[in-house]
Amino acid sequence: MPSTDATATIGLTGLAVMGRNLARNIARHGHTIAVHNRTHARTTALLDEFGDEPQESGGAFIGTESLEDFVAAIQQPRAVVIMVKAGEATDAVIDELVPLLDEGDIVVDAGNAHFTDTLRRQQALEERGLHFVGMGVSGGEVGALEGPSIMVGGSDHAYEVLGPIMESIAAQVDGTPCCAHVGPDAAGHFVKMVHNGIEYADMQLIAESYDLLRSVAGLEPAEIADVFDEWNRGDLESFLIEMTADVLRHVDAATGSPFVDVVRDAAEQKGTGRWTVQSALDLGVPITGIAEATFARSLSGHTAQREAARAVFSTSPDEQRVDVDRDAFVDQVRAALYASKVVAYAQGFDQIAAGAEEQGWDVDLGQTATIWRGGCIIRAQFLDRIKEAYSDEPDLTTLLTTPYFAEAVKDGVDSWREVVAVAARGGVPVPAFASSLSYFDGLRRERLPASLIQALRDNFGAHTYQRTDKHGTFHTTWAGDRSETEI
């Protein structure tokens with residue numbers, strides 16, 4: 001058992017799966033870490049099972065039972081990481097912890113907190129002389145142990161203390177840690193929120209691709225796994241594509257059926273996708289692919305409505321079969337998936353830029369792409385291209401116009417259109433594919449029908465409009481002589 005006389009360089013409270021693995025990761029990288037859990041049995045279990053694990057690196061665990069002992073075990077200025085459920089549970093831990101801390105200490109929320117909660121907590125703790133850090137951690141339980149992507153928000157002082165530790169435990173790509181100080185106060189949690197929104201879109205696009213290959217082309221899950229394996233050796237190489245092949249190849253032991261067929265088709269969510277969409281609405285940023293992916297999860301969970309609709313509008317697998325060249329269609333779906341992924345990432349980076357501008361954060365978008373290249377769920381080969389794009393043009397208007405991505409979309413747009421058209425003919429829902437294509441067409445259209453919407457708004461509510469031929473804001477007296485007045 002490690003000595004309890006040691007002084008910890010950092011502390012972590014909350015030893016569920018993510019907290020436990022993050023603590024192990026910290027200790028394995030040569031750091032002495034104080035660990036605590038409200039239920040002491042979890043602390044004991046960690047020490048009994050993994051207490052000797054960090055010895056080769058020079059790290060160590062200090063197990064503590066009370067919160068007072070936990071705080072006392074950490075050297076000042078203390079850095080305390082909280083890994084508990086977001087929301088009320090986090091507030092409860094902070095309320096217990098803060099009276100035990102001293103001015104200059106650092107409190108780190110490493111959960112999936114809403115960034116507005118982080119702003120509130122940061123302001124409250126700042127008044128007490130404490131530094132509050134909202135730290136986004138991506139990679140799931142494996143990433144937490146083996147090297148996550150870490151998005152740190154907070155003061156420069158806090159990062160001076162935390163940075164060396166977090167950079168040492170983060171995933172490493174080309175010798176660069178997937179960890180960065182992305183900005184002050186809630187910047188880290190905001191960037192993590194958008195990361196999760198992009199993840200929603202990415203997973204929905206992959207699911208739609210699978211559905212098309214199975215429903216339209218008639219491929220079986222194992223065959224589709226082979227397709228995803230092949231895609232993972234090209235431009236689509238990513239953690240999620242690799243994982244998809246693994247899941248589709250898995251056979252359920254109890255039934256002998258493809259595993260994907262025994263899983264209920266009702267996707268759950270923990271809130272980060274919804275927060276992303278709500279934030280985008282507040283910012284006025286169109287993130288259509290992410291929004292449709294979020295709504296698609298909601299639709300999947302409305303089982304009673306789906307059952308009622310099936311009773312009236314029944315379909316059969318044969319109705320979804322469209323006469324396509326199977327091999328050609330597989331390649332068309334690949335092109336459509338890539339183009340739609342580009343849109344999802346472009347929209348996500350647009351939202352980060354807009355959020356940073358509103359909050360006064362100086363978020364480096366190229367750096368964000370850099371730290372997403374390893375450890376996180378959306379790690380993908382083309383993040384290198386995004387990093388390069390923002391390095392070449394920091395004030396880039398949209399990723400879609402950069403030479404590499406513009407060429408990729410141009411090359412794939414005909415396939416993209418064909419896939420959406422085939423899906424519509426076969427009655428296969430592709431909300432993320434279709435909305436991403438509409439977004440692309442909306443961006444490149446010289447004139448949009450919004451001119452009619454604005455005229456209608458002025459007609460029923462005197463909301464005014466602007467003209468194309470002269471400056472100013474105008475209103476037409478629709479209920480009167482229809483004369484125009486400059487406002």
# chains A, B, ... in the order shown; residues from 1 in each chain; ligands from 1
>>> residues_around(residues="A:His463", least_positions_apart="4", cutoff="12 Å", atoms="only C-alpha atoms", output="MDAnalysis selection string")
chainID A and resid 453:459 473:478 487
>>> closest_residue(among="A:Ala423, A:Glu292, A:Arg214, A:Ala207", to="A:Asp265", atoms="only C-alpha atoms")
A:Ala207
>>> residues_around(residues="A:Asp235", least_positions_apart="5", cutoff="8 Å", atoms="only C-alpha atoms", output="PyMOL selection string")
chain A and resi 338+381-382
>>> select_by_dssp(residues="stretch 235-350 of chain A", states="helix (DSSP H, G or I)", output="PyMOL selection string")
chain A and resi 239-249+259-262+272-283+288-301+303-312+317-320+326-350
>>> closest_residue(among="A:Thr43, A:Ser149, A:Thr464, A:Thr176", to="A:Glu65", atoms="only C-alpha atoms")
A:Thr43
>>> residues_around(residues="A:Val330", least_positions_apart="3", cutoff="12 Å", atoms="only C-alpha atoms", output="NGL selection string")
:A and (209-214 or 216-219 or 223-224 or 226-228 or 230-231 or 324-327 or 333-337 or 415-416 or 418-419)
>>> write_last_selection(atoms="C-alpha atoms", output="mmCIF file, in the first residue's frame")
data_model
loop_
_atom_site.group_PDB
_atom_site.id
_atom_site.type_symbol
_atom_site.label_atom_id
_atom_site.label_comp_id
_atom_site.auth_asym_id
_atom_site.auth_seq_id
_atom_site.Cartn_x
_atom_site.Cartn_y
_atom_site.Cartn_z
ATOM 1 C CA SER A 209 -24.745 5.194 -44.327
ATOM 2 C CA TYR A 210 -25.236 1.789 -42.705
ATOM 3 C CA ASP A 211 -29.010 2.019 -43.211
ATOM 4 C CA LEU A 212 -28.633 2.896 -46.883
ATOM 5 C CA LEU A 213 -26.165 0.098 -47.544
ATOM 6 C CA ARG A 214 -28.454 -2.397 -45.856
ATOM 7 C CA VAL A 216 -31.169 -0.032 -50.407
ATOM 8 C CA ALA A 217 -28.143 -2.088 -51.491
ATOM 9 C CA GLY A 218 -29.114 -5.187 -49.501
ATOM 10 C CA LEU A 219 -25.762 -5.727 -47.770
ATOM 11 C CA GLU A 223 -20.490 -7.114 -45.476
ATOM 12 C CA ILE A 224 -21.034 -3.518 -44.384
ATOM 13 C CA ASP A 226 -15.930 -4.871 -44.662
ATOM 14 C CA VAL A 227 -17.011 -1.676 -46.447
ATOM 15 C CA PHE A 228 -16.255 0.438 -43.378
ATOM 16 C CA GLU A 230 -12.031 -0.278 -46.534
ATOM 17 C CA TRP A 231 -13.248 3.294 -45.944
ATOM 18 C CA VAL A 324 -28.989 0.655 -58.009
ATOM 19 C CA ASP A 325 -25.607 -0.637 -59.086
ATOM 20 C CA ARG A 326 -24.465 -2.017 -55.745
ATOM 21 C CA ASP A 327 -20.750 -1.297 -56.070
ATOM 22 C CA VAL A 333 -22.500 6.670 -50.062
ATOM 23 C CA ARG A 334 -18.813 7.004 -49.181
ATOM 24 C CA ALA A 335 -18.590 10.314 -51.067
ATOM 25 C CA ALA A 336 -21.817 11.586 -49.500
ATOM 26 C CA LEU A 337 -20.591 10.617 -46.030
ATOM 27 C CA SER A 415 -22.909 11.272 -55.484
ATOM 28 C CA TRP A 416 -24.278 13.199 -52.517
ATOM 29 C CA GLU A 418 -27.877 10.796 -55.873
ATOM 30 C CA VAL A 419 -27.730 9.234 -52.414
#
>>> closest_residue(among="A:Asn37, A:Thr370, A:Asn112, A:Thr401", to="A:Ile386", atoms="only C-alpha atoms")
A:Thr370
>>> residues_around(residues="stretch 342-355 of chain A", least_positions_apart="3", cutoff="7 Å", atoms="only C-alpha atoms", output="number ranges by chain")
A: 191, 194, 198, 201, 280, 283, 285, 287, 289-290, 338-339, 358-359, 398-400, 436
>>> select_by_dssp(residues="stretch 154-295 of chain A", states="strand (DSSP E or B)", output="number ranges by chain")
A: 172-173, 176-177, 179-183, 238, 251, 258
>>> residues_around(residues="A:Gly134", least_positions_apart="6", cutoff="7 Å", atoms="only C-alpha atoms", output="PDB file with N, CA, C and O atoms, in the first residue's frame")
ATOM      1  N   VAL A 108     -11.269  22.093 -10.377  1.00  0.00           N
ATOM      2  CA  VAL A 108     -11.400  21.673 -11.776  1.00  0.00           C
ATOM      3  C   VAL A 108     -12.628  20.787 -11.935  1.00  0.00           C
ATOM      4  O   VAL A 108     -12.714  19.719 -11.324  1.00  0.00           O
ATOM      5  N   ASP A 109     -13.580  21.222 -12.762  1.00  0.00           N
ATOM      6  CA  ASP A 109     -14.725  20.379 -13.104  1.00  0.00           C
ATOM      7  C   ASP A 109     -14.401  19.681 -14.418  1.00  0.00           C
ATOM      8  O   ASP A 109     -14.360  20.311 -15.476  1.00  0.00           O
ATOM      9  N   ALA A 110     -14.168  18.372 -14.342  1.00  0.00           N
ATOM     10  CA  ALA A 110     -13.794  17.611 -15.541  1.00  0.00           C
ATOM     11  C   ALA A 110     -14.961  16.813 -16.099  1.00  0.00           C
ATOM     12  O   ALA A 110     -14.764  15.913 -16.918  1.00  0.00           O
ATOM     13  N   THR A 118     -20.635  26.520 -15.874  1.00  0.00           N
ATOM     14  CA  THR A 118     -19.218  26.800 -15.627  1.00  0.00           C
ATOM     15  C   THR A 118     -18.987  28.290 -15.441  1.00  0.00           C
ATOM     16  O   THR A 118     -18.222  28.709 -14.553  1.00  0.00           O
ATOM     17  N   VAL A 152      -8.912  22.641 -21.786  1.00  0.00           N
ATOM     18  CA  VAL A 152      -8.870  23.328 -20.497  1.00  0.00           C
ATOM     19  C   VAL A 152      -9.303  24.779 -20.655  1.00  0.00           C
ATOM     20  O   VAL A 152      -8.766  25.520 -21.476  1.00  0.00           O
ATOM     21  N   GLY A 153     -10.297  25.171 -19.846  1.00  0.00           N
ATOM     22  CA  GLY A 153     -10.683  26.576 -19.763  1.00  0.00           C
ATOM     23  C   GLY A 153     -10.346  27.099 -18.389  1.00  0.00           C
ATOM     24  O   GLY A 153     -10.367  26.359 -17.407  1.00  0.00           O
ATOM     25  N   GLY A 154     -10.039  28.383 -18.270  1.00  0.00           N
ATOM     26  CA  GLY A 154      -9.702  28.933 -16.960  1.00  0.00           C
ATOM     27  C   GLY A 154      -8.596  29.954 -17.061  1.00  0.00           C
ATOM     28  O   GLY A 154      -8.190  30.369 -18.152  1.00  0.00           O
ATOM     29  N   ASP A 185     -12.300  31.063 -18.412  1.00  0.00           N
ATOM     30  CA  ASP A 185     -13.541  30.593 -17.768  1.00  0.00           C
ATOM     31  C   ASP A 185     -14.150  29.361 -18.440  1.00  0.00           C
ATOM     32  O   ASP A 185     -13.616  28.274 -18.325  1.00  0.00           O
ATOM     33  N   ALA A 186     -15.250  29.504 -19.186  1.00  0.00           N
ATOM     34  CA  ALA A 186     -15.982  28.336 -19.689  1.00  0.00           C
ATOM     35  C   ALA A 186     -15.572  27.892 -21.088  1.00  0.00           C
ATOM     36  O   ALA A 186     -16.238  27.048 -21.693  1.00  0.00           O
ATOM     37  N   GLY A 188     -13.266  25.949 -22.206  1.00  0.00           N
ATOM     38  CA  GLY A 188     -12.997  24.517 -22.331  1.00  0.00           C
ATOM     39  C   GLY A 188     -14.264  23.699 -22.432  1.00  0.00           C
ATOM     40  O   GLY A 188     -14.384  22.801 -23.280  1.00  0.00           O
ATOM     41  N   HIS A 189     -15.242  23.990 -21.586  1.00  0.00           N
ATOM     42  CA  HIS A 189     -16.497  23.247 -21.632  1.00  0.00           C
ATOM     43  C   HIS A 189     -17.315  23.601 -22.862  1.00  0.00           C
ATOM     44  O   HIS A 189     -18.050  22.757 -23.389  1.00  0.00           O
TER      45      HIS A 189
END
>>> residues_around(residues="A:Ala23", least_positions_apart="5", cutoff="9 Å", atoms="only C-alpha atoms", output="list of chain:residue names")
A:Gly11, A:Leu12, A:Leu15, A:Met18, A:Arg28, A:Ile33, A:Ala34, A:Val35, A:Phe61, A:Ala144, A:Leu145
>>> write_last_selection(atoms="C-alpha atoms", output="PDB file, in the first residue's frame")
ATOM      1  CA  GLY A  11      -6.280  15.549  -6.084  1.00  0.00           C
ATOM      2  CA  LEU A  12      -9.302  13.880  -7.674  1.00  0.00           C
ATOM      3  CA  LEU A  15     -14.065   7.522  -8.569  1.00  0.00           C
ATOM      4  CA  MET A  18     -14.050   7.972 -15.721  1.00  0.00           C
ATOM      5  CA  ARG A  28       1.010   6.169 -14.035  1.00  0.00           C
ATOM      6  CA  ILE A  33      -2.449  12.007  -6.606  1.00  0.00           C
ATOM      7  CA  ALA A  34      -4.803  12.159  -3.647  1.00  0.00           C
ATOM      8  CA  VAL A  35      -8.018  10.251  -4.350  1.00  0.00           C
ATOM      9  CA  PHE A  61      -1.940   7.218  -4.841  1.00  0.00           C
ATOM     10  CA  ALA A 144      -9.303   8.589 -19.702  1.00  0.00           C
ATOM     11  CA  LEU A 145      -6.885   5.769 -18.908  1.00  0.00           C
TER      12      LEU A 145
END
>>> closest_residue(among="A:Leu46, A:Met151, A:Ala180, A:Ile10", to="A:Val81", atoms="only C-alpha atoms")
A:Ile10
>>> closest_residue(among="A:Met83, A:Ala309, A:Ala296, A:Ile206", to="A:Pro431", atoms="only C-alpha atoms")
A:Ala296
>>> closest_residue(among="A:Glu486, A:Gly183, A:Glu56, A:Arg447", to="A:Trp361", atoms="only C-alpha atoms")
A:Gly183
>>> atom_distance(atom1="atom CA of A:Leu130", atom2="atom CA of A:Ser155")
10.4 Å
>>> atom_distance(atom1="atom CA of A:Gly51", atom2="atom CA of A:Gln75")
20.4 Å
